[in-house]
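One file, query_26.txt, is given below (compact mmCIF, C-alpha atoms).
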# COMPACT_ATOMS: atom_id res chain seq x y z
CA MET D 1 -56.46 -57.85 -4.24
CA ARG D 2 -54.91 -61.28 -3.91
CA SER D 3 -57.14 -62.65 -6.67
CA LEU D 4 -55.54 -60.24 -9.15
CA PHE D 5 -52.14 -61.84 -8.72
CA ALA D 6 -53.11 -65.48 -8.21
CA LYS D 7 -52.63 -67.69 -11.24
CA SER D 8 -56.16 -69.06 -11.38
CA PRO D 9 -57.36 -70.88 -14.52
CA ALA D 10 -59.36 -67.80 -15.54
CA THR D 11 -56.29 -65.65 -15.14
CA ASN D 12 -54.05 -68.03 -17.04
CA HIS D 13 -56.38 -67.95 -20.05
CA LEU D 14 -56.89 -64.19 -20.00
CA ALA D 15 -54.07 -63.59 -22.44
CA ALA D 16 -55.57 -66.11 -24.86
CA LYS D 17 -58.78 -64.08 -25.38
CA PRO D 18 -58.46 -61.84 -28.44
CA THR D 19 -61.01 -59.34 -27.12
CA THR D 20 -59.20 -58.97 -23.80
CA LEU D 21 -55.82 -58.63 -25.50
CA LYS D 22 -57.22 -55.94 -27.79
CA VAL D 23 -58.57 -53.95 -24.86
CA LEU D 24 -55.32 -54.24 -22.89
CA SER D 25 -53.25 -53.38 -25.96
CA ARG D 26 -55.30 -50.27 -26.61
CA TYR D 27 -55.08 -49.27 -22.94
CA VAL D 28 -51.28 -49.60 -22.77
CA LYS D 29 -50.78 -47.84 -26.10
CA LEU D 30 -53.01 -44.93 -25.09
CA ASN D 31 -51.18 -44.46 -21.78
CA ALA D 32 -47.79 -44.58 -23.49
CA LEU D 33 -48.91 -42.22 -26.28
CA LEU D 34 -50.30 -39.58 -23.93
CA ALA D 35 -47.25 -39.75 -21.68
CA ILE D 36 -44.82 -39.41 -24.61
CA ILE D 37 -46.79 -36.45 -26.01
CA ALA D 38 -46.78 -34.73 -22.62
CA ALA D 39 -43.04 -35.34 -22.14
CA ILE D 40 -42.07 -34.06 -25.59
CA ILE D 41 -44.27 -30.96 -25.31
CA GLY D 42 -42.91 -30.26 -21.81
CA LEU D 43 -39.27 -30.49 -22.89
CA TRP D 44 -40.02 -28.50 -26.05
CA ALA D 45 -41.71 -25.72 -24.05
CA LEU D 46 -38.79 -25.51 -21.63
CA GLN D 47 -36.34 -25.18 -24.53
CA LEU D 48 -38.44 -22.39 -26.07
CA VAL D 49 -38.43 -20.49 -22.77
CA PHE D 50 -34.67 -20.87 -22.35
CA SER D 51 -34.11 -19.80 -25.97
CA TYR D 52 -36.23 -16.71 -25.42
CA LEU D 53 -34.25 -15.80 -22.32
CA SER D 54 -30.95 -16.26 -24.18
CA GLU D 55 -32.13 -14.03 -27.04
CA LEU D 56 -32.90 -11.19 -24.62
CA ASP D 57 -29.16 -10.54 -24.25
CA SER D 58 -28.89 -9.92 -28.00
CA LEU D 59 -31.65 -7.31 -28.25
CA ASP D 60 -30.68 -3.90 -29.68
CA ASP D 61 -32.03 -1.32 -32.09
CA GLY D 62 -31.48 -3.63 -35.05
CA TYR D 63 -32.71 -6.81 -33.36
CA THR D 64 -36.03 -6.19 -31.65
CA ILE D 65 -38.06 -8.46 -29.41
CA GLY D 66 -40.45 -9.13 -32.28
CA GLU D 67 -37.62 -10.46 -34.44
CA ALA D 68 -36.36 -12.53 -31.50
CA ILE D 69 -39.79 -14.14 -31.10
CA LYS D 70 -39.95 -14.75 -34.85
CA TYR D 71 -36.48 -16.32 -34.75
CA ILE D 72 -37.49 -18.67 -31.91
CA PHE D 73 -40.67 -19.57 -33.79
CA TYR D 74 -38.68 -20.57 -36.87
CA ARG D 75 -36.22 -22.55 -34.74
CA SER D 76 -38.97 -24.36 -32.82
CA PRO D 77 -39.21 -27.30 -35.30
CA TYR D 78 -35.48 -27.91 -34.81
CA PHE D 79 -35.92 -27.92 -31.02
CA LEU D 80 -38.89 -30.30 -31.35
CA GLU D 81 -36.94 -32.74 -33.49
CA GLN D 82 -34.01 -32.65 -31.07
CA PHE D 83 -36.20 -33.55 -28.06
CA ILE D 84 -38.26 -36.34 -29.62
CA PRO D 85 -35.83 -39.15 -28.59
CA THR D 86 -35.46 -37.94 -24.99
CA GLY D 87 -39.19 -37.20 -24.81
CA ALA D 88 -40.00 -40.70 -26.02
CA LEU D 89 -37.71 -42.16 -23.35
CA LEU D 90 -39.21 -40.02 -20.59
CA GLY D 91 -42.79 -40.55 -21.76
CA ALA D 92 -42.41 -44.33 -21.92
CA VAL D 93 -41.00 -44.35 -18.37
CA VAL D 94 -43.89 -42.21 -17.10
CA GLY D 95 -46.59 -44.14 -18.96
CA LEU D 96 -45.38 -47.56 -17.87
CA GLY D 97 -44.47 -46.23 -14.43
CA LEU D 98 -48.04 -45.15 -13.76
CA LEU D 99 -49.27 -48.60 -14.76
CA ALA D 100 -46.66 -50.20 -12.51
CA ASN D 101 -47.59 -48.02 -9.54
CA ASN D 102 -51.21 -49.17 -9.87
CA SER D 103 -50.05 -52.81 -10.11
CA GLU D 104 -51.62 -53.08 -13.55
CA LEU D 105 -48.42 -54.39 -15.11
CA VAL D 106 -48.22 -57.08 -12.44
CA VAL D 107 -51.77 -58.17 -13.26
CA MET D 108 -50.94 -58.36 -16.96
CA ARG D 109 -47.84 -60.45 -16.30
CA ALA D 110 -49.79 -62.73 -13.95
CA ALA D 111 -52.42 -63.12 -16.67
CA GLY D 112 -49.80 -64.64 -18.94
CA ILE D 113 -49.01 -61.62 -21.11
CA SER D 114 -45.33 -61.72 -21.96
CA LEU D 115 -42.99 -58.86 -21.21
CA TYR D 116 -41.99 -58.57 -24.84
CA ARG D 117 -45.62 -58.18 -25.91
CA ILE D 118 -46.05 -55.26 -23.51
CA VAL D 119 -42.82 -53.71 -24.82
CA GLY D 120 -44.18 -54.16 -28.35
CA TRP D 121 -47.34 -52.30 -27.37
CA VAL D 122 -45.24 -49.38 -26.12
CA LEU D 123 -43.10 -49.33 -29.27
CA GLN D 124 -46.13 -48.93 -31.53
CA PRO D 125 -47.09 -45.38 -30.40
CA ALA D 126 -43.39 -44.51 -30.48
CA MET D 127 -43.50 -45.21 -34.23
CA ILE D 128 -45.74 -42.15 -34.60
CA PHE D 129 -42.88 -39.98 -33.39
CA VAL D 130 -40.44 -41.84 -35.64
CA VAL D 131 -42.54 -40.74 -38.62
CA LEU D 132 -42.87 -37.24 -37.14
CA ALA D 133 -39.10 -36.89 -36.77
CA LEU D 134 -38.51 -38.02 -40.37
CA PHE D 135 -41.22 -35.63 -41.61
CA ILE D 136 -39.67 -32.67 -39.78
CA ASN D 137 -36.17 -33.51 -41.07
CA GLN D 138 -37.35 -33.89 -44.65
CA PHE D 139 -39.98 -31.19 -45.15
CA VAL D 140 -39.83 -28.64 -42.32
CA LEU D 141 -36.26 -28.00 -41.16
CA PRO D 142 -34.81 -26.93 -44.56
CA TYR D 143 -37.28 -24.05 -44.73
CA SER D 144 -37.63 -23.13 -41.06
CA ASN D 145 -33.87 -23.05 -40.48
CA GLN D 146 -33.40 -20.92 -43.60
CA LEU D 147 -35.98 -18.40 -42.36
CA ALA D 148 -34.33 -18.34 -38.94
CA ASN D 149 -30.89 -17.79 -40.46
CA GLU D 150 -32.16 -14.90 -42.55
CA ILE D 151 -33.13 -13.01 -39.40
CA ASN D 152 -29.59 -13.13 -37.99
CA SER D 153 -27.71 -13.07 -41.30
CA GLU D 154 -27.29 -9.28 -41.40
CA ASP D 155 -25.01 -9.27 -38.37
CA ASN D 156 -22.75 -11.97 -39.84
CA SER D 157 -22.75 -11.09 -43.54
CA SER D 158 -19.81 -8.72 -43.23
CA LEU D 159 -17.54 -11.11 -41.37
CA VAL D 160 -14.80 -12.45 -43.62
CA THR D 161 -14.12 -15.22 -41.10
CA SER D 162 -17.62 -16.63 -41.41
CA VAL D 163 -17.56 -20.31 -42.33
CA ARG D 164 -21.11 -20.31 -43.66
CA GLY D 165 -21.64 -20.48 -47.40
CA TYR D 166 -19.36 -21.96 -50.04
CA TRP D 167 -15.59 -21.43 -50.26
CA THR D 168 -13.41 -22.71 -53.09
CA VAL D 169 -10.04 -22.10 -54.75
CA GLN D 170 -10.10 -21.96 -58.55
CA PRO D 171 -6.87 -22.06 -60.60
CA ARG D 172 -6.71 -19.50 -63.41
CA PHE D 173 -5.03 -19.72 -66.82
CA GLU D 174 -4.30 -17.15 -69.50
CA ASN D 175 -3.87 -17.64 -73.22
CA THR D 176 -0.45 -17.06 -74.77
CA LYS D 177 0.34 -15.79 -78.26
CA SER D 178 1.20 -19.32 -79.35
CA GLY D 179 -2.32 -20.47 -78.52
CA SER D 180 -1.38 -22.43 -75.39
CA THR D 181 -2.26 -21.56 -71.79
CA LYS D 182 -0.16 -20.85 -68.75
CA PRO D 183 -1.00 -20.57 -65.04
CA ASP D 184 -2.26 -17.18 -63.93
CA GLY D 185 -2.52 -17.65 -60.19
CA SER D 186 -5.78 -18.61 -58.54
CA ASP D 187 -9.08 -17.19 -57.30
CA ILE D 188 -10.46 -17.57 -53.79
CA LEU D 189 -14.24 -17.53 -54.16
CA TYR D 190 -16.93 -17.15 -51.51
CA ILE D 191 -20.72 -17.39 -52.06
CA ASP D 192 -22.83 -16.88 -48.97
CA TYR D 193 -26.19 -18.05 -50.34
CA ALA D 194 -27.81 -19.77 -53.32
CA ASP D 195 -31.25 -21.11 -54.09
CA VAL D 196 -32.43 -23.84 -56.44
CA LYS D 197 -33.68 -21.26 -58.97
CA GLY D 198 -30.17 -20.00 -59.65
CA ASN D 199 -30.16 -16.83 -57.56
CA ILE D 200 -27.03 -16.28 -55.49
CA GLY D 201 -26.39 -13.86 -52.66
CA GLN D 202 -23.24 -12.01 -51.70
CA VAL D 203 -20.15 -13.00 -53.73
CA LYS D 204 -16.53 -12.26 -52.83
CA ARG D 205 -13.56 -13.17 -55.03
CA TRP D 206 -9.85 -12.57 -54.39
CA HIS D 207 -7.37 -13.07 -57.25
CA LEU D 208 -3.81 -14.11 -56.30
CA ASP D 209 -0.91 -14.21 -58.72
CA ASN D 210 1.50 -17.14 -59.11
CA LYS D 211 3.51 -15.90 -56.12
CA GLY D 212 0.46 -15.64 -53.86
CA ASN D 213 0.23 -11.85 -53.96
CA LEU D 214 -3.22 -10.28 -53.90
CA GLN D 215 -4.06 -8.59 -57.22
CA THR D 216 -7.78 -7.84 -57.15
CA ALA D 217 -10.72 -8.18 -54.77
CA ILE D 218 -14.29 -8.25 -56.04
CA HIS D 219 -17.51 -7.90 -54.09
CA ALA D 220 -21.01 -8.34 -55.57
CA GLU D 221 -24.33 -8.04 -53.80
CA GLY D 222 -25.93 -10.90 -55.74
CA GLY D 223 -26.43 -12.57 -59.06
CA GLN D 224 -28.77 -14.54 -61.33
CA TYR D 225 -28.15 -17.68 -63.33
CA VAL D 226 -28.04 -16.99 -67.08
CA GLY D 227 -27.19 -20.38 -68.62
CA ARG D 228 -24.46 -22.88 -69.36
CA GLU D 229 -21.70 -23.13 -71.95
CA PRO D 230 -20.77 -26.61 -73.30
CA LEU D 231 -17.10 -27.53 -72.98
CA ASP D 232 -16.66 -31.28 -73.46
CA THR D 233 -19.96 -33.14 -73.36
CA VAL D 234 -18.26 -36.52 -73.78
CA SER D 235 -16.19 -36.10 -70.61
CA SER D 236 -16.89 -38.54 -67.79
CA LYS D 237 -16.60 -35.77 -65.18
CA PRO D 238 -19.68 -33.53 -64.86
CA SER D 239 -17.47 -30.56 -63.89
CA GLU D 240 -15.72 -30.75 -67.29
CA GLN D 241 -18.87 -30.96 -69.43
CA TYR D 242 -20.26 -27.45 -68.98
CA ARG D 243 -19.44 -24.05 -67.52
CA TYR D 244 -22.38 -22.43 -65.74
CA GLU D 245 -22.64 -18.65 -65.90
CA TRP D 246 -24.06 -16.16 -63.38
CA GLN D 247 -24.56 -12.46 -63.90
CA LEU D 248 -23.32 -10.50 -60.88
CA ASN D 249 -25.03 -7.26 -59.85
CA ASN D 250 -23.77 -4.16 -58.01
CA MET D 251 -20.15 -5.27 -58.21
CA THR D 252 -17.22 -3.40 -56.67
CA LYS D 253 -13.67 -4.21 -57.79
CA LEU D 254 -10.53 -3.25 -55.88
CA THR D 255 -7.23 -3.46 -57.81
CA ILE D 256 -3.90 -3.70 -55.96
CA ASN D 257 -0.94 -2.27 -57.91
CA GLN D 258 2.71 -3.26 -57.43
CA GLY D 259 3.49 -0.12 -55.46
CA PHE D 260 0.84 -1.01 -52.89
CA GLU D 261 -1.44 1.54 -54.48
CA SER D 262 -5.05 0.61 -54.98
CA SER D 263 -7.90 1.74 -57.15
CA GLN D 264 -11.57 1.03 -56.74
CA ALA D 265 -14.09 0.68 -59.57
CA ILE D 266 -17.84 0.13 -59.48
CA SER D 267 -19.43 -1.90 -62.25
CA PRO D 268 -23.16 -2.62 -62.52
CA THR D 269 -22.65 -6.17 -63.82
CA ASP D 270 -20.06 -8.89 -64.34
CA THR D 271 -20.09 -12.64 -64.88
CA LEU D 272 -19.15 -15.58 -62.67
CA SER D 273 -18.30 -19.01 -64.11
CA LEU D 274 -18.55 -22.23 -62.11
CA PRO D 275 -18.31 -25.91 -63.08
CA PHE D 276 -21.42 -26.66 -61.00
CA ALA D 277 -25.13 -26.45 -61.81
CA PRO D 278 -27.34 -24.10 -59.71
CA GLU D 279 -28.75 -27.07 -57.78
CA SER D 280 -25.25 -28.10 -56.70
CA VAL D 281 -24.29 -24.56 -55.70
CA TYR D 282 -27.42 -24.46 -53.55
CA LEU D 283 -26.33 -27.65 -51.74
CA LEU D 284 -22.78 -26.37 -51.27
CA THR D 285 -23.87 -23.09 -49.65
CA ARG D 286 -26.16 -24.66 -47.05
CA GLN D 287 -25.12 -26.04 -43.68
CA ALA D 288 -25.62 -29.75 -43.11
CA GLU D 289 -28.32 -29.31 -40.46
CA ASP D 290 -30.35 -27.12 -42.88
CA LEU D 291 -30.62 -29.80 -45.56
CA SER D 292 -33.25 -32.50 -45.83
CA LEU D 293 -32.44 -36.19 -46.07
CA THR D 294 -32.78 -36.25 -49.85
CA GLN D 295 -30.66 -33.10 -50.19
CA LEU D 296 -27.97 -34.58 -47.98
CA TYR D 297 -27.98 -37.69 -50.16
CA GLU D 298 -27.68 -35.55 -53.30
CA HIS D 299 -24.82 -33.64 -51.66
CA ARG D 300 -23.10 -36.93 -50.86
CA GLN D 301 -23.45 -38.14 -54.45
CA PHE D 302 -22.18 -34.82 -55.81
CA MET D 303 -19.09 -34.92 -53.59
CA ARG D 304 -18.38 -38.46 -54.77
CA GLN D 305 -18.49 -37.27 -58.38
CA GLN D 306 -15.95 -34.60 -57.48
CA GLY D 307 -13.69 -37.18 -55.83
CA THR D 308 -14.00 -35.65 -52.36
CA ARG D 309 -16.23 -35.86 -49.29
CA SER D 310 -17.73 -33.71 -46.56
CA LEU D 311 -17.69 -35.51 -43.22
CA SER D 312 -20.04 -33.00 -41.61
CA HIS D 313 -22.71 -33.63 -44.26
CA GLU D 314 -22.22 -37.41 -44.13
CA LEU D 315 -22.54 -37.31 -40.35
CA ALA D 316 -25.75 -35.24 -40.56
CA PHE D 317 -27.15 -37.64 -43.16
CA TRP D 318 -26.66 -40.73 -41.02
CA GLN D 319 -27.87 -38.97 -37.86
CA LYS D 320 -31.13 -37.99 -39.53
CA LEU D 321 -31.60 -41.30 -41.32
CA LEU D 322 -30.96 -43.37 -38.18
CA SER D 323 -32.88 -41.12 -35.78
CA PRO D 324 -35.84 -43.59 -35.78
CA LEU D 325 -33.53 -46.28 -34.39
CA SER D 326 -32.42 -43.85 -31.66
CA ILE D 327 -36.03 -43.31 -30.61
CA LEU D 328 -36.85 -47.03 -30.56
CA SER D 329 -33.67 -47.96 -28.67
CA LEU D 330 -34.43 -45.38 -25.99
CA VAL D 331 -37.99 -46.69 -25.61
CA ILE D 332 -36.56 -50.18 -25.03
CA VAL D 333 -34.30 -48.71 -22.33
CA ALA D 334 -37.34 -46.99 -20.79
CA CYS D 335 -39.17 -50.33 -20.59
CA SER D 336 -36.14 -51.91 -18.94
CA PHE D 337 -36.20 -49.18 -16.26
CA VAL D 338 -39.80 -50.04 -15.36
CA PHE D 339 -39.47 -53.82 -15.52
CA GLY D 340 -35.85 -53.98 -14.40
CA SER D 341 -33.86 -52.90 -11.37
CA LEU D 342 -35.94 -49.72 -10.87
CA ARG D 343 -39.29 -51.49 -10.74
CA THR D 344 -39.44 -51.22 -6.92
CA HIS D 345 -38.49 -47.52 -6.83
CA SER D 346 -40.72 -44.49 -7.05
CA LEU D 347 -41.84 -42.90 -10.30
CA GLY D 348 -39.87 -39.76 -9.47
CA LEU D 349 -36.59 -41.68 -9.31
CA ARG D 350 -37.37 -43.37 -12.64
CA ILE D 351 -38.00 -39.95 -14.23
CA VAL D 352 -34.68 -38.59 -12.94
CA VAL D 353 -32.78 -41.65 -14.18
CA ALA D 354 -34.54 -41.42 -17.56
CA LEU D 355 -33.60 -37.74 -17.93
CA LEU D 356 -29.99 -38.44 -17.01
CA PHE D 357 -29.79 -41.35 -19.44
CA GLY D 358 -31.39 -39.26 -22.20
CA LEU D 359 -28.86 -36.47 -21.66
CA LEU D 360 -26.02 -39.00 -21.57
CA PHE D 361 -27.22 -40.55 -24.83
CA SER D 362 -27.37 -37.11 -26.46
CA TYR D 363 -23.88 -36.19 -25.24
CA VAL D 364 -22.46 -39.51 -26.44
CA GLN D 365 -24.02 -38.93 -29.87
CA ASP D 366 -22.38 -35.50 -30.05
CA LEU D 367 -19.07 -36.94 -28.84
CA VAL D 368 -18.89 -39.72 -31.41
CA GLY D 369 -19.82 -37.15 -34.06
CA PHE D 370 -16.86 -34.98 -33.07
CA VAL D 371 -14.61 -38.05 -33.05
CA SER D 372 -15.73 -38.91 -36.58
CA LEU D 373 -15.05 -35.35 -37.80
CA ALA D 374 -11.66 -35.22 -36.10
CA THR D 375 -10.38 -38.66 -37.13
CA GLY D 376 -12.22 -39.26 -40.41
CA PHE D 377 -13.62 -42.51 -39.02
CA SER D 378 -16.80 -43.87 -40.62
CA PRO D 379 -19.75 -41.56 -39.70
CA LEU D 380 -22.18 -44.45 -40.17
CA LEU D 381 -20.41 -46.63 -37.62
CA MET D 382 -19.98 -43.79 -35.13
CA VAL D 383 -23.68 -42.92 -35.32
CA LEU D 384 -24.65 -46.57 -34.86
CA LEU D 385 -22.46 -47.14 -31.80
CA PRO D 386 -24.60 -45.33 -29.16
CA ILE D 387 -27.81 -46.70 -30.74
CA ILE D 388 -26.59 -50.29 -30.60
CA ALA D 389 -25.19 -49.81 -27.10
CA SER D 390 -28.48 -48.46 -25.71
CA ALA D 391 -30.53 -51.17 -27.44
CA LEU D 392 -28.25 -53.90 -26.08
CA LEU D 393 -28.43 -52.40 -22.59
CA GLY D 394 -32.22 -52.28 -22.70
CA GLY D 395 -32.46 -55.80 -24.09
CA TYR D 396 -30.08 -57.15 -21.44
CA LEU D 397 -32.02 -55.56 -18.58
CA LEU D 398 -35.30 -56.88 -19.97
CA LYS D 399 -33.91 -60.38 -20.45
CA ARG D 400 -32.90 -60.51 -16.79
CA GLN D 401 -36.58 -60.24 -15.85
CA MET D 402 -37.73 -63.18 -18.01
Rewrite the structure from the file as structure tokens, please.
Amino acid sequence: MRSLFAKSPATNHLAAKPTTLKVLSRYVKLNALLAIIAAIIGLWALQLVFSYLSELDSLDDGYTIGEAIKYIFYRSPYFLEQFIPTGALLGAVVGLGLLANNSELVVMRAAGISLYRIVGWVLQPAMIFVVLALFINQFVLPYSNQLANEINSEDNSSLVTSVRGYWTVQPRFENTKSGSTKPDGSDILYIDYADVKGNIGQVKRWHLDNKGNLQTAIHAEGGQYVGREPLDTVSSKPSEQYRYEWQLNNMTKLTINQGFESSQAISPTDTLSLPFAPESVYLLTRQAEDLSLTQLYEHRQFMRQQGTRSLSHELAFWQKLLSPLSILSLVIVACSFVFGSLRTHSLGLRIVVALLFGLLFSYVQDLVGFVSLATGFSPLLMVLLPIIASALLGGYLLKRQM
């Protein structure tokens, strides 16, 4: 065994042989790749089991075990994407830890292979999961989350306090005999769902007079987009160029009279006017986590045109866009655990420390997100802080071993 560690001339020139480097590179990459795959699948499977157990408490006549399994199936891509960073951290620790326990890393270092080259070999298979995370965020989650939400939407559709969907306050004006307009209170509008084709789901609208008294309440089961009406095509604001019209179906209207008497009327159809195109209404009715990267960017641009912003959507955009950096920074930390202060400890201790660090990183990400939402501080900077901190920590621990 001593000859493996001795710096003989043959050993010193081992790293200079392209064939030998290629074999070692492939060996390290394969070990890291298999370990990361096993770690991600293991964490993913545990989350699916826990989700199934939590759904058992919600089972009733309207929510069967088959629907619960279907709901978990649709949510599984979201769980997978959430565990890719922690799985990459844990897998890198396990893969390199097995090599360290067999003294293979020591042989590579004694052969003249630099620590940074080995770390680079481990980062390359991690790039596969970077691409996988971006693919899931862009192409899978918008559809899988929508299908999962549709399963549980029936229980929440009747709740007025639901924050899902799109809420807005629209001022109203009425024409006078002189041809001018005067304020006529405002409408509180709620749309729970919209798709890119122009179909909208449940619509609720409350009309308040100038004193804030409720005058009418309208409920419609859905609607279809029928076209747009030009207003001022030369205006610089898109919301002032056109009015977009929807035809509402199965509408019920409740009128509140001054004497607190009410009357209810059922109308088969009515119209709804909005200053937004169907594509924008679709973006406004979806939660941030249910939108892809490109949709979040379009939402951000739309809010800028309206002179406002949605911090939750900006935060989700930067979290998804910078998720590759999270994965790579955690892999660097994993390498520092194996080459750093934990190199003399058992693999089990390294796994425990890696899990704890992965959970801590996840909690810190959530915490800085809440801080950004509460204070209005830059979501980009708050998302970058834990990534930069973990990368600097990993780089510092690795540099100490040079």
Shortest contact to Ser323 (chain D), candidates D:Ala277, D:Ala45, D:Ala133, D:Leu381, atoms counted only C-alpha atoms, goes to D:Ala133
What's the separation between CA of Gly185 (chain D) and CA of Arg243 (chain D), in Å to one decimal place?
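These atoms are spaced 19.5 Å apart.
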Report as CSV the residues of region 167-284 of chain D within 12 Å of region 148-152 of chain D, each with its shortest atom pair and distance in Å (one decimal), using all atoms listed in the file, ordered by chain and increasing residue number.
residue,atom,partner,partner_atom,distance
D:Asp192,CA,D:Glu150,CA,11.5
D:Tyr193,CA,D:Glu150,CA,10.3
D:Gly201,CA,D:Glu150,CA,11.7
- Message: Tell me which residues come within 12 Å of (-53.2, -49.7, -27.6), as a PyMOL selection string, counting all atoms listed in the file in the file's coordinates.
- Response: chain D and resi 20-34+117-126
Margin query: Let me make sure I understand: among D:Ile36, D:Leu53, D:Leu46, D:Leu385, which one has the smallest atom-to-atom distance to Met127 (chain D) if we use all atoms listed in the file?
Written below: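 Among the listed residues, the smallest separation from Met127 (chain D) belongs to D:Ile36.
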- Message: The residues within 8 Å of (-11.4, -23.5, -55.3), using all atoms listed in the file and the coordinates of the file, should be reported as a list of chain:residue names; which are they?
- Response: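 Those residues lying close to the given coordinates are D:Trp167, D:Thr168, D:Val169, D:Gln170, D:Pro171, D:Asp187, D:Ile188, D:Leu189.
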Please write the residues from the selection above to a file, keeping C-alpha atoms, as a PDB file, in the coordinates of the input.
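Contents of part_13.pdb, as written:
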ATOM      1  CA  TRP D 167     -15.590 -21.430 -50.260  1.00  0.00           C
ATOM      2  CA  THR D 168     -13.410 -22.710 -53.090  1.00  0.00           C
ATOM      3  CA  VAL D 169     -10.040 -22.100 -54.750  1.00  0.00           C
ATOM      4  CA  GLN D 170     -10.100 -21.960 -58.550  1.00  0.00           C
ATOM      5  CA  PRO D 171      -6.870 -22.060 -60.600  1.00  0.00           C
ATOM      6  CA  ASP D 187      -9.080 -17.190 -57.300  1.00  0.00           C
ATOM      7  CA  ILE D 188     -10.460 -17.570 -53.790  1.00  0.00           C
ATOM      8  CA  LEU D 189     -14.240 -17.530 -54.160  1.00  0.00           C
TER       9      LEU D 189
END
task = Compare D:Leu311, D:Leu330, D:Leu248, D:Ala92 by their minimum atom-to-atom distance to Leu392 (chain D), counting only C-alpha atoms, and give me the closest one.
result =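 Of D:Leu311, D:Leu330, D:Leu248, D:Ala92, the one nearest Leu392 (chain D) is D:Leu330, counting only C-alpha atoms.
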Take region 56-60 of chain D, model all heavy atoms, and hand the result over as a PDB file, in the coordinates of the input.
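selection_26.pdb, freshly written:
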ATOM      1  N   LEU D  56     -32.733 -12.512 -25.209  1.00  0.00           N
ATOM      2  CA  LEU D  56     -32.900 -11.190 -24.620  1.00  0.00           C
ATOM      3  C   LEU D  56     -31.575 -10.450 -24.506  1.00  0.00           C
ATOM      4  O   LEU D  56     -31.542  -9.213 -24.568  1.00  0.00           O
ATOM      5  CB  LEU D  56     -33.555 -11.322 -23.227  1.00  0.00           C
ATOM      6  CG  LEU D  56     -35.009 -11.801 -23.195  1.00  0.00           C
ATOM      7  CD1 LEU D  56     -35.509 -11.899 -21.756  1.00  0.00           C
ATOM      8  CD2 LEU D  56     -35.910 -10.876 -24.007  1.00  0.00           C
ATOM      9  N   ASP D  57     -30.481 -11.184 -24.343  1.00  0.00           N
ATOM     10  CA  ASP D  57     -29.160 -10.540 -24.250  1.00  0.00           C
ATOM     11  C   ASP D  57     -28.706  -9.950 -25.567  1.00  0.00           C
ATOM     12  O   ASP D  57     -27.795  -9.116 -25.585  1.00  0.00           O
ATOM     13  CB  ASP D  57     -28.121 -11.554 -23.752  1.00  0.00           C
ATOM     14  CG  ASP D  57     -28.404 -12.023 -22.336  1.00  0.00           C
ATOM     15  OD1 ASP D  57     -29.061 -11.264 -21.582  1.00  0.00           O
ATOM     16  OD2 ASP D  57     -27.983 -13.138 -21.983  1.00  0.00           O
ATOM     17  N   SER D  58     -29.318 -10.392 -26.684  1.00  0.00           N
ATOM     18  CA  SER D  58     -28.890  -9.920 -28.000  1.00  0.00           C
ATOM     19  C   SER D  58     -29.753  -8.783 -28.539  1.00  0.00           C
ATOM     20  O   SER D  58     -29.532  -8.331 -29.662  1.00  0.00           O
ATOM     21  CB  SER D  58     -28.921 -11.088 -29.001  1.00  0.00           C
ATOM     22  OG  SER D  58     -28.128 -12.164 -28.557  1.00  0.00           O
ATOM     23  N   LEU D  59     -30.741  -8.345 -27.771  1.00  0.00           N
ATOM     24  CA  LEU D  59     -31.650  -7.310 -28.250  1.00  0.00           C
ATOM     25  C   LEU D  59     -30.929  -5.973 -28.377  1.00  0.00           C
ATOM     26  O   LEU D  59     -30.136  -5.592 -27.520  1.00  0.00           O
ATOM     27  CB  LEU D  59     -32.847  -7.165 -27.307  1.00  0.00           C
ATOM     28  CG  LEU D  59     -33.771  -8.385 -27.177  1.00  0.00           C
ATOM     29  CD1 LEU D  59     -34.909  -8.078 -26.211  1.00  0.00           C
ATOM     30  CD2 LEU D  59     -34.325  -8.793 -28.531  1.00  0.00           C
ATOM     31  N   ASP D  60     -31.173  -5.265 -29.480  1.00  0.00           N
ATOM     32  CA  ASP D  60     -30.680  -3.900 -29.680  1.00  0.00           C
ATOM     33  C   ASP D  60     -31.608  -3.212 -30.652  1.00  0.00           C
ATOM     34  O   ASP D  60     -32.711  -3.708 -30.955  1.00  0.00           O
ATOM     35  CB  ASP D  60     -29.225  -3.904 -30.174  1.00  0.00           C
ATOM     36  CG  ASP D  60     -29.027  -4.780 -31.404  1.00  0.00           C
ATOM     37  OD1 ASP D  60     -30.001  -4.923 -32.185  1.00  0.00           O
ATOM     38  OD2 ASP D  60     -27.939  -5.336 -31.592  1.00  0.00           O
TER      39      ASP D  60
END
